[in-house]
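The file model10.txt comes next; it holds compact mmCIF, C-alpha atoms and all ligand atoms.
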# COMPACT_ATOMS: atom_id res chain seq x y z
CA MET K 1 128.64 108.96 26.35
CA SER K 2 132.02 108.61 28.08
CA GLN K 3 132.63 107.13 31.49
CA ALA K 4 133.22 110.66 32.84
CA GLN K 5 129.85 111.74 31.48
CA TYR K 6 128.28 108.68 33.13
CA HIS K 7 129.71 109.68 36.50
CA ARG K 8 128.55 113.28 36.09
CA ALA K 9 125.06 112.00 35.18
CA ALA K 10 125.03 109.79 38.29
CA LEU K 11 125.69 112.88 40.41
CA GLN K 12 122.60 114.57 38.95
CA VAL K 13 120.25 111.70 39.88
CA GLN K 14 118.20 112.08 43.06
CA VAL K 15 119.23 110.02 46.08
CA TYR K 16 117.05 106.87 46.21
CA PRO K 17 114.08 107.07 48.61
CA HIS K 18 115.38 104.02 50.49
CA LEU K 19 118.56 105.88 51.43
CA ILE K 20 116.55 108.81 52.76
CA GLN K 21 114.42 106.32 54.73
CA ALA K 22 117.54 104.52 55.96
CA VAL K 23 118.90 107.77 57.38
CA GLU K 24 115.56 108.42 59.07
CA GLN K 25 115.39 104.84 60.39
CA SER K 26 118.93 105.01 61.74
CA GLY K 27 117.62 107.54 64.27
CA LEU K 28 121.04 109.17 64.32
CA THR K 29 121.55 112.89 64.39
CA ALA K 30 125.29 113.31 63.93
CA GLY K 31 128.40 111.19 64.07
CA GLY K 32 126.90 107.85 63.00
CA ILE K 33 129.14 105.61 60.91
CA ALA K 34 128.03 104.92 57.35
CA VAL K 35 129.59 102.84 54.56
CA ASP K 36 128.89 103.60 50.90
CA VAL K 37 129.52 100.28 49.12
CA GLY K 38 130.52 100.82 45.47
CA CYS K 39 130.10 104.57 45.93
CA GLY K 40 130.78 105.48 42.28
CA ALA K 41 131.07 109.24 41.84
CA GLY K 42 129.79 109.73 45.38
CA ARG K 43 126.23 111.06 45.18
CA ASP K 44 125.15 109.05 48.25
CA THR K 45 128.40 109.81 50.06
CA ARG K 46 127.74 113.54 49.70
CA TYR K 47 124.18 113.08 50.96
CA LEU K 48 125.36 111.10 53.99
CA LEU K 49 127.98 113.75 54.82
CA GLU K 50 125.27 116.42 54.61
CA GLN K 51 123.25 114.35 57.09
CA GLY K 52 126.15 114.41 59.58
CA PHE K 53 127.50 110.87 59.14
CA VAL K 54 131.12 109.78 59.27
CA VAL K 55 131.36 108.15 55.85
CA HIS K 56 133.61 105.34 54.61
CA ALA K 57 133.20 105.25 50.84
CA PHE K 58 134.84 102.77 48.50
CA ASP K 59 134.73 101.65 44.91
CA GLN K 60 137.01 99.56 42.70
CA ASP K 61 137.11 102.28 40.02
CA ALA K 62 139.69 105.05 40.49
CA ASN K 63 138.00 107.17 37.79
CA ALA K 64 134.76 107.17 39.77
CA LEU K 65 136.56 108.04 43.01
CA ALA K 66 138.24 111.01 41.28
CA HIS K 67 134.86 112.75 41.48
CA LEU K 68 135.26 112.83 45.26
CA GLN K 69 138.62 114.65 45.13
CA ASP K 70 137.14 117.98 46.18
CA LEU K 71 136.27 116.30 49.50
CA ASN K 72 139.88 115.16 50.14
CA GLU K 73 140.20 117.16 53.32
CA HIS K 74 136.73 116.42 54.67
CA PRO K 75 137.18 115.44 58.34
CA ARG K 76 134.31 112.91 58.27
CA LEU K 77 135.19 111.13 55.02
CA THR K 78 137.55 108.33 54.11
CA VAL K 79 137.68 107.11 50.52
CA GLN K 80 139.36 103.93 49.37
CA GLN K 81 139.81 102.06 46.14
CA SER K 82 138.72 98.51 46.94
CA ARG K 83 136.67 95.58 45.78
CA PHE K 84 133.56 94.53 47.73
CA GLU K 85 135.18 91.42 49.16
CA ASP K 86 138.48 93.09 50.13
CA PHE K 87 137.24 96.20 51.90
CA ASP K 88 138.01 96.46 55.61
CA TYR K 89 134.50 97.38 56.76
CA PRO K 90 134.26 99.40 59.99
CA GLN K 91 131.45 98.67 62.47
CA ALA K 92 128.65 100.73 60.95
CA ASP K 93 125.23 102.15 61.78
CA LEU K 94 124.18 102.40 58.14
CA ILE K 95 125.38 100.60 55.03
CA THR K 96 124.18 101.60 51.58
CA ALA K 97 124.85 99.61 48.40
CA CYS K 98 122.98 101.48 45.73
CA SER K 99 123.05 99.77 42.29
CA SER K 100 126.42 98.30 43.11
CA LEU K 101 126.36 94.83 44.69
CA PHE K 102 124.93 93.11 41.63
CA PHE K 103 128.21 93.93 39.89
CA CYS K 104 129.97 91.65 42.38
CA PRO K 105 131.28 88.52 40.64
CA PRO K 106 129.15 85.58 41.88
CA GLN K 107 132.16 83.81 43.40
CA ALA K 108 132.90 86.86 45.59
CA PHE K 109 129.33 87.65 46.61
CA GLU K 110 129.03 85.42 49.66
CA GLN K 111 132.22 86.76 51.25
CA SER K 112 131.25 90.34 50.42
CA TRP K 113 127.75 89.94 51.89
CA ARG K 114 129.08 88.19 55.01
CA LYS K 115 131.43 91.14 55.61
CA ILE K 116 128.60 93.64 55.16
CA VAL K 117 126.30 91.81 57.58
CA SER K 118 129.10 91.44 60.17
CA ALA K 119 130.02 95.11 59.89
CA LEU K 120 126.51 96.33 60.56
CA ARG K 121 125.84 96.89 64.26
CA PRO K 122 122.69 95.28 65.71
CA GLY K 123 119.96 97.84 65.07
CA GLY K 124 121.89 99.22 62.10
CA VAL K 125 120.20 99.81 58.77
CA PHE K 126 121.02 98.48 55.30
CA CYS K 127 119.65 99.73 51.99
CA GLY K 128 120.58 98.55 48.55
CA HIS K 129 119.72 96.84 45.30
CA PHE K 130 119.88 93.26 44.07
CA MET K 131 119.34 92.06 40.51
CA GLY K 132 116.58 89.61 39.61
CA PRO K 133 116.64 86.89 36.92
CA GLU K 134 114.36 88.77 34.51
CA ASP K 135 116.78 91.66 34.12
CA SER K 136 118.08 91.83 30.53
CA TRP K 137 121.68 91.75 31.82
CA ALA K 138 120.88 88.60 33.82
CA GLN K 139 119.35 87.04 30.72
CA LEU K 140 122.61 87.56 28.83
CA GLU K 141 124.16 85.07 31.28
CA ARG K 142 127.34 87.15 31.38
CA GLY K 143 128.53 85.22 34.42
CA ASP K 144 130.06 88.30 36.05
CA LEU K 145 126.93 89.57 37.83
CA SER K 146 125.32 88.41 41.07
CA ILE K 147 121.72 87.48 40.30
CA HIS K 148 119.18 86.64 43.01
CA SER K 149 115.64 85.31 42.98
CA ALA K 150 113.15 86.85 45.41
CA GLU K 151 113.62 83.81 47.67
CA GLN K 152 117.39 84.20 47.62
CA VAL K 153 117.17 87.89 48.50
CA LYS K 154 114.89 87.02 51.42
CA GLN K 155 117.45 84.49 52.64
CA LEU K 156 120.15 87.19 52.63
CA PHE K 157 118.09 89.05 55.22
CA SER K 158 117.62 86.23 57.74
CA GLU K 159 119.35 88.37 60.40
CA PHE K 160 117.26 91.45 59.59
CA ASP K 161 113.80 92.90 59.94
CA VAL K 162 112.89 93.93 56.41
CA LEU K 163 111.35 97.40 56.67
CA ASP K 164 110.56 97.89 52.99
CA TRP K 165 111.01 95.86 49.84
CA HIS K 166 110.35 97.08 46.32
CA GLU K 167 110.49 95.04 43.12
CA HIS K 168 111.17 96.94 39.91
CA ASN K 169 110.45 94.74 36.88
CA GLN K 170 109.90 96.79 33.76
CA PRO K 171 111.57 98.24 30.67
CA GLY K 172 113.72 101.29 31.24
CA GLN K 173 117.04 102.90 30.42
CA THR K 174 120.54 103.02 31.78
CA LEU K 175 122.05 106.36 32.79
CA LEU K 176 123.74 106.24 29.39
CA GLY K 177 120.31 106.24 27.75
CA LEU K 178 120.47 102.62 26.57
CA SER K 179 117.22 100.65 26.65
CA LYS K 180 117.13 97.62 28.89
CA HIS K 181 114.74 95.63 31.06
CA TRP K 182 115.32 96.29 34.74
CA HIS K 183 114.54 93.64 37.31
CA THR K 184 115.82 94.73 40.68
CA TRP K 185 114.92 94.48 44.33
CA SER K 186 115.41 97.54 46.48
CA VAL K 187 115.59 96.54 50.13
CA LEU K 188 115.57 98.55 53.34
CA ALA K 189 116.25 96.45 56.42
CA ARG K 190 117.33 96.70 60.04
CA LYS K 191 119.75 94.18 61.53
CA THR K 192 118.14 92.40 64.44
CA GLY K 193 119.45 92.65 67.99
CA ALA K 194 119.64 95.49 70.50
CA ARG K 195 122.03 98.38 69.96
C1 LIG K 201 125.99 101.70 38.82
S1 LIG K 201 127.37 102.24 39.71
C2 LIG K 201 126.60 102.85 41.20
C3 LIG K 201 127.46 103.85 41.89
C4 LIG K 201 126.81 104.54 43.09
N1 LIG K 201 126.48 103.61 44.15
C5 LIG K 201 125.58 105.31 42.63
O1 LIG K 201 124.47 104.88 42.97
O2 LIG K 201 125.75 106.30 41.94
C6 LIG K 201 128.12 100.72 40.28
C7 LIG K 201 129.45 100.94 40.98
O3 LIG K 201 129.91 99.70 41.50
C8 LIG K 201 131.32 99.67 41.35
N2 LIG K 201 131.79 98.29 41.38
C9 LIG K 201 131.53 97.33 40.46
N3 LIG K 201 132.12 96.19 40.82
C10 LIG K 201 132.77 96.42 41.99
C11 LIG K 201 133.55 95.62 42.87
N4 LIG K 201 133.78 94.32 42.60
N5 LIG K 201 134.03 96.16 44.00
C12 LIG K 201 133.78 97.49 44.28
N6 LIG K 201 133.05 98.30 43.48
C13 LIG K 201 132.55 97.77 42.35
C14 LIG K 201 131.54 100.34 40.00
O4 LIG K 201 132.88 100.77 39.86
C15 LIG K 201 130.51 101.45 40.04
O5 LIG K 201 131.06 102.65 40.52
Show the structure stored in the file as structure tokens.
Ligand SMILES: C[S@@+](CC[C@H](N)C(=O)[O-])C[C@H]1O[C@@H](n2cnc3c(N)ncnc32)[C@H](O)[C@@H]1O
Amino acid sequence: MSQAQYHRAALQVQVYPHLIQAVEQSGLTAGGIAVDVGCGAGRDTRYLLEQGFVVHAFDQDANALAHLQDLNEHPRLTVQQSRFEDFDYPQADLITACSSLFFCPPQAFEQSWRKIVSALRPGGVFCGHFMGPEDSWAQLERGDLSIHSAEQVKQLFSEFDVLDWHEHNQPGQTLLGLSKHWHTWSVLARKTGAR
């Protein structure tokens, strides 16, 4: 399966329940600011636009971003090619990082996460995935992925109220149909402090 087929497949997958919950938890009707971190082909970006958000979407991969070209003129969307640690995050009400942040090189993770936390307004909502040590990619010790234990993920959320936390630790497949063991944490959390 080619990269283009991968991106098309990603667009067919349902939006993750945590993103739907994040939109509900944000309590915003229209005009809230959302950031789609490592947006890929833009499935979540499209969903957030449908929900009325102003969306700042970025990804390091120009081929993935090409799938958002039909939205070039959308008045509530900005799209940028950027790495996690370089992106100029706006102050946001909702930040989603679906299956993306674990691709951050470990040496860039802390800076990237600090920027995400700073960008989120008090009361704002984060949802996203982190990779655990039992994932088959983690076990390969590739060195280019950010791997977190449960304790380390908890520490990332010291400035948040964790609203929901789901561990996925079982055999599965990639979108390309390759077998692998998935060990991920899906986290929905609200940044503490009054809006
Ligand atoms: C599995 S895809 C998920 C895409 C999208 N969030 C989704 O759920 O469909 C991971 C995405 O992270 C992006 N990515 C990987 N490393 C990155 C980095 N250092 N900075 C920005 N984006 C990155 C990839 O280009 C890819 O589009």
Quiz item: Counting only C-alpha atoms and all ligand atoms, which protein, DNA or RNA residues come within 10 Å of ligand LIG 201 (chain K), given as a VMD selection string?
Solution: chain K and resid 6 to 16 36 to 45 57 to 65 80 to 87 96 to 106 108 to 109 112 128 to 129 144 to 145 174 to 175
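When atom CA of K:Val55 is paired with atom CA of K:Val125, their separation reads 14.2 Å.
For the pair atom CA of K:Arg46 and atom CA of K:Thr184, the interatomic distance is 24.0 Å.
Between atom CA of K:Thr78 and atom CA of K:Ala119 lies a distance of 16.3 Å.
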Practice problem: Mind listing whatever residues come within 12 Å of the point (125.7, 106.0, 60.1)? Use only C-alpha atoms, file coordinates, and give them as a ChimeraX atom specification. | Solution: /K:19,22-36,45,47-57,76-77,90-96,119-121,123-127
Practice problem: Between K:Ala150, K:Val79, K:Leu71, K:Leu163, single out the one closest to K:Lys191, counting all atoms listed in the file. | Solution: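 Ranking K:Ala150, K:Val79, K:Leu71, K:Leu163 by distance to K:Lys191, first place goes to K:Leu163.
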Taking only residues of stretch 63-145 of chain K that have an atom at most 12 Å from an atom of stretch 166-169 of chain K, what is each one's shortest atom pair and its distance in Å to one decimal, using all atoms listed in the file, in chain and number order, as JSON lines?
{"residue": "K:Cys127", "atom": "CA", "partner": "K:His166", "partner_atom": "CA", "distance": 11.2}
{"residue": "K:Gly128", "atom": "CA", "partner": "K:His166", "partner_atom": "CA", "distance": 10.6}
{"residue": "K:His129", "atom": "CA", "partner": "K:His166", "partner_atom": "CA", "distance": 9.4}
{"residue": "K:Phe130", "atom": "CA", "partner": "K:Glu167", "partner_atom": "CA", "distance": 9.6}
{"residue": "K:Met131", "atom": "CA", "partner": "K:His168", "partner_atom": "CA", "distance": 9.5}
{"residue": "K:Gly132", "atom": "CA", "partner": "K:Asn169", "partner_atom": "CA", "distance": 8.4}
{"residue": "K:Pro133", "atom": "CA", "partner": "K:Asn169", "partner_atom": "CA", "distance": 10.0}
{"residue": "K:Glu134", "atom": "CA", "partner": "K:Asn169", "partner_atom": "CA", "distance": 7.5}
{"residue": "K:Asp135", "atom": "CA", "partner": "K:Asn169", "partner_atom": "CA", "distance": 7.6}
{"residue": "K:Ser136", "atom": "CA", "partner": "K:Asn169", "partner_atom": "CA", "distance": 10.3}
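Proximity to K:Val187 was assessed for K:Gly143, K:Leu156, K:Ser2, K:Trp165 counting all atoms listed in the file; the smallest distance is recorded for K:Trp165.
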Would you place a box with edges along x, y and z of the file around all atoms of stretch 46-62 of chain K listed there, add 6 Å to each of its six sides, and report the centre and edge lengths in Å to one decimal, as AutoDock Vina command-line options?
--center_x 131.5 --center_y 108.0 --center_z 49.8 --size_x 28.4 --size_y 28.9 --size_z 31.6
Self-check item: Selected residue, from K:Glu151, K:Glu141, K:Asp88, K:Asp161, that lies nearest to K:Lys115 when counting all atoms listed in the file
Solution: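 That would be K:Asp88, the residue with the smallest distance to K:Lys115.
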Exercise. Considering only C-alpha atoms, state which residue in the set K:Ala138, K:Trp182, K:Thr192, K:Glu110 is at the smallest distance from K:Gln152.
Key: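 Smallest distance to K:Gln152 is found for K:Glu110.
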Show me that you can extract stretch 130-145 of chain K, keeping all heavy atoms, and write it as a PDB file, in the first residue's frame.
ATOM      1  N   PHE K 130      -0.315   8.378  23.493  1.00  0.00           N
ATOM      2  CA  PHE K 130       1.093   8.182  23.858  1.00  0.00           C
ATOM      3  C   PHE K 130       1.400   6.701  23.711  1.00  0.00           C
ATOM      4  O   PHE K 130       0.500   5.865  23.862  1.00  0.00           O
ATOM      5  CB  PHE K 130       1.341   8.658  25.300  1.00  0.00           C
ATOM      6  CG  PHE K 130       0.975  10.103  25.479  1.00  0.00           C
ATOM      7  CD1 PHE K 130      -0.336  10.464  25.801  1.00  0.00           C
ATOM      8  CD2 PHE K 130       1.906  11.099  25.259  1.00  0.00           C
ATOM      9  CE1 PHE K 130      -0.699  11.800  25.906  1.00  0.00           C
ATOM     10  CE2 PHE K 130       1.553  12.441  25.366  1.00  0.00           C
ATOM     11  CZ  PHE K 130       0.240  12.790  25.692  1.00  0.00           C
ATOM     12  N   MET K 131       2.657   6.386  23.438  1.00  0.00           N
ATOM     13  CA  MET K 131       3.008   4.971  23.216  1.00  0.00           C
ATOM     14  C   MET K 131       3.659   4.374  24.460  1.00  0.00           C
ATOM     15  O   MET K 131       4.541   4.981  25.060  1.00  0.00           O
ATOM     16  CB  MET K 131       3.948   4.858  22.012  1.00  0.00           C
ATOM     17  CG  MET K 131       4.302   3.420  21.672  1.00  0.00           C
ATOM     18  SD  MET K 131       4.999   3.298  20.015  1.00  0.00           S
ATOM     19  CE  MET K 131       3.504   3.337  19.022  1.00  0.00           C
ATOM     20  N   GLY K 132       3.217   3.177  24.823  1.00  0.00           N
ATOM     21  CA  GLY K 132       3.754   2.478  25.990  1.00  0.00           C
ATOM     22  C   GLY K 132       4.889   1.526  25.613  1.00  0.00           C
ATOM     23  O   GLY K 132       5.081   1.174  24.438  1.00  0.00           O
ATOM     24  N   PRO K 133       5.634   1.065  26.630  1.00  0.00           N
ATOM     25  CA  PRO K 133       6.842   0.258  26.388  1.00  0.00           C
ATOM     26  C   PRO K 133       6.573  -1.134  25.825  1.00  0.00           C
ATOM     27  O   PRO K 133       7.494  -1.769  25.312  1.00  0.00           O
ATOM     28  CB  PRO K 133       7.476   0.160  27.787  1.00  0.00           C
ATOM     29  CG  PRO K 133       6.383   0.474  28.749  1.00  0.00           C
ATOM     30  CD  PRO K 133       5.426   1.383  28.044  1.00  0.00           C
ATOM     31  N   GLU K 134       5.324  -1.609  25.903  1.00  0.00           N
ATOM     32  CA  GLU K 134       5.051  -2.958  25.386  1.00  0.00           C
ATOM     33  C   GLU K 134       4.641  -2.951  23.917  1.00  0.00           C
ATOM     34  O   GLU K 134       4.372  -4.000  23.340  1.00  0.00           O
ATOM     35  CB  GLU K 134       3.968  -3.626  26.255  1.00  0.00           C
ATOM     36  CG  GLU K 134       4.484  -3.967  27.649  1.00  0.00           C
ATOM     37  CD  GLU K 134       3.388  -4.397  28.588  1.00  0.00           C
ATOM     38  OE1 GLU K 134       2.562  -5.238  28.191  1.00  0.00           O
ATOM     39  OE2 GLU K 134       3.335  -3.873  29.712  1.00  0.00           O
ATOM     40  N   ASP K 135       4.563  -1.779  23.325  1.00  0.00           N
ATOM     41  CA  ASP K 135       4.249  -1.692  21.898  1.00  0.00           C
ATOM     42  C   ASP K 135       5.376  -2.347  21.087  1.00  0.00           C
ATOM     43  O   ASP K 135       6.559  -2.209  21.429  1.00  0.00           O
ATOM     44  CB  ASP K 135       4.103  -0.222  21.498  1.00  0.00           C
ATOM     45  CG  ASP K 135       3.458  -0.069  20.140  1.00  0.00           C
ATOM     46  OD1 ASP K 135       4.156  -0.272  19.112  1.00  0.00           O
ATOM     47  OD2 ASP K 135       2.251   0.237  20.096  1.00  0.00           O
ATOM     48  N   SER K 136       5.029  -3.055  20.020  1.00  0.00           N
ATOM     49  CA  SER K 136       6.094  -3.756  19.268  1.00  0.00           C
ATOM     50  C   SER K 136       7.075  -2.773  18.641  1.00  0.00           C
ATOM     51  O   SER K 136       8.256  -3.108  18.466  1.00  0.00           O
ATOM     52  CB  SER K 136       5.510  -4.712  18.217  1.00  0.00           C
ATOM     53  OG  SER K 136       4.473  -4.130  17.501  1.00  0.00           O
ATOM     54  N   TRP K 137       6.640  -1.556  18.319  1.00  0.00           N
ATOM     55  CA  TRP K 137       7.602  -0.569  17.796  1.00  0.00           C
ATOM     56  C   TRP K 137       8.552  -0.108  18.898  1.00  0.00           C
ATOM     57  O   TRP K 137       9.740   0.108  18.637  1.00  0.00           O
ATOM     58  CB  TRP K 137       6.871   0.635  17.202  1.00  0.00           C
ATOM     59  CG  TRP K 137       6.127   0.328  15.941  1.00  0.00           C
ATOM     60  CD1 TRP K 137       6.243  -0.788  15.164  1.00  0.00           C
ATOM     61  CD2 TRP K 137       5.133   1.143  15.318  1.00  0.00           C
ATOM     62  NE1 TRP K 137       5.391  -0.721  14.089  1.00  0.00           N
ATOM     63  CE2 TRP K 137       4.690   0.466  14.152  1.00  0.00           C
ATOM     64  CE3 TRP K 137       4.573   2.374  15.606  1.00  0.00           C
ATOM     65  CZ2 TRP K 137       3.724   0.984  13.303  1.00  0.00           C
ATOM     66  CZ3 TRP K 137       3.607   2.902  14.762  1.00  0.00           C
ATOM     67  CH2 TRP K 137       3.185   2.210  13.621  1.00  0.00           C
ATOM     68  N   ALA K 138       8.017   0.022  20.121  1.00  0.00           N
ATOM     69  CA  ALA K 138       8.878   0.411  21.252  1.00  0.00           C
ATOM     70  C   ALA K 138       9.917  -0.681  21.505  1.00  0.00           C
ATOM     71  O   ALA K 138      11.087  -0.394  21.784  1.00  0.00           O
ATOM     72  CB  ALA K 138       8.036   0.637  22.502  1.00  0.00           C
ATOM     73  N   GLN K 139       9.489  -1.925  21.362  1.00  0.00           N
ATOM     74  CA  GLN K 139      10.382  -3.050  21.657  1.00  0.00           C
ATOM     75  C   GLN K 139      11.520  -3.142  20.639  1.00  0.00           C
ATOM     76  O   GLN K 139      12.554  -3.729  20.918  1.00  0.00           O
ATOM     77  CB  GLN K 139       9.582  -4.352  21.670  1.00  0.00           C
ATOM     78  CG  GLN K 139       8.392  -4.307  22.628  1.00  0.00           C
ATOM     79  CD  GLN K 139       8.589  -5.159  23.857  1.00  0.00           C
ATOM     80  OE1 GLN K 139       9.108  -6.250  23.747  1.00  0.00           O
ATOM     81  NE2 GLN K 139       8.176  -4.667  25.005  1.00  0.00           N
ATOM     82  N   LEU K 140      11.313  -2.569  19.465  1.00  0.00           N
ATOM     83  CA  LEU K 140      12.384  -2.573  18.456  1.00  0.00           C
ATOM     84  C   LEU K 140      13.528  -1.633  18.840  1.00  0.00           C
ATOM     85  O   LEU K 140      14.594  -1.667  18.211  1.00  0.00           O
ATOM     86  CB  LEU K 140      11.827  -2.134  17.094  1.00  0.00           C
ATOM     87  CG  LEU K 140      10.915  -3.123  16.369  1.00  0.00           C
ATOM     88  CD1 LEU K 140      10.323  -2.475  15.115  1.00  0.00           C
ATOM     89  CD2 LEU K 140      11.687  -4.380  15.990  1.00  0.00           C
ATOM     90  N   GLU K 141      13.252  -0.773  19.848  1.00  0.00           N
ATOM     91  CA  GLU K 141      14.242   0.206  20.312  1.00  0.00           C
ATOM     92  C   GLU K 141      14.811   1.000  19.143  1.00  0.00           C
ATOM     93  O   GLU K 141      16.021   1.131  18.981  1.00  0.00           O
ATOM     94  CB  GLU K 141      15.341  -0.489  21.129  1.00  0.00           C
ATOM     95  CG  GLU K 141      14.779  -1.150  22.377  1.00  0.00           C
ATOM     96  CD  GLU K 141      15.851  -1.721  23.293  1.00  0.00           C
ATOM     97  OE1 GLU K 141      17.032  -1.493  23.033  1.00  0.00           O
ATOM     98  OE2 GLU K 141      15.460  -2.391  24.269  1.00  0.00           O
ATOM     99  N   ARG K 142      13.889   1.526  18.320  1.00  0.00           N
ATOM    100  CA  ARG K 142      14.287   2.289  17.130  1.00  0.00           C
ATOM    101  C   ARG K 142      15.008   3.581  17.508  1.00  0.00           C
ATOM    102  O   ARG K 142      15.803   4.106  16.734  1.00  0.00           O
ATOM    103  CB  ARG K 142      13.040   2.657  16.313  1.00  0.00           C
ATOM    104  CG  ARG K 142      12.274   1.492  15.812  1.00  0.00           C
ATOM    105  CD  ARG K 142      10.846   1.828  15.395  1.00  0.00           C
ATOM    106  NE  ARG K 142      10.622   3.130  14.782  1.00  0.00           N
ATOM    107  CZ  ARG K 142       9.594   3.403  13.982  1.00  0.00           C
ATOM    108  NH1 ARG K 142       8.730   2.455  13.691  1.00  0.00           N
ATOM    109  NH2 ARG K 142       9.425   4.611  13.485  1.00  0.00           N
ATOM    110  N   GLY K 143      14.642   4.124  18.669  1.00  0.00           N
ATOM    111  CA  GLY K 143      15.314   5.341  19.128  1.00  0.00           C
ATOM    112  C   GLY K 143      14.714   6.614  18.574  1.00  0.00           C
ATOM    113  O   GLY K 143      15.117   7.711  18.947  1.00  0.00           O
ATOM    114  N   ASP K 144      13.758   6.490  17.632  1.00  0.00           N
ATOM    115  CA  ASP K 144      13.179   7.701  17.039  1.00  0.00           C
ATOM    116  C   ASP K 144      11.744   7.943  17.510  1.00  0.00           C
ATOM    117  O   ASP K 144      11.072   8.836  17.001  1.00  0.00           O
ATOM    118  CB  ASP K 144      13.224   7.621  15.506  1.00  0.00           C
ATOM    119  CG  ASP K 144      12.455   6.410  14.962  1.00  0.00           C
ATOM    120  OD1 ASP K 144      12.106   5.505  15.758  1.00  0.00           O
ATOM    121  OD2 ASP K 144      12.203   6.374  13.742  1.00  0.00           O
ATOM    122  N   LEU K 145      11.281   7.145  18.467  1.00  0.00           N
ATOM    123  CA  LEU K 145       9.905   7.291  18.967  1.00  0.00           C
ATOM    124  C   LEU K 145       9.938   7.735  20.421  1.00  0.00           C
ATOM    125  O   LEU K 145      10.857   7.389  21.161  1.00  0.00           O
ATOM    126  CB  LEU K 145       9.159   5.953  18.881  1.00  0.00           C
ATOM    127  CG  LEU K 145       8.985   5.350  17.491  1.00  0.00           C
ATOM    128  CD1 LEU K 145       8.397   3.944  17.602  1.00  0.00           C
ATOM    129  CD2 LEU K 145       8.079   6.229  16.642  1.00  0.00           C
TER     130      LEU K 145
END
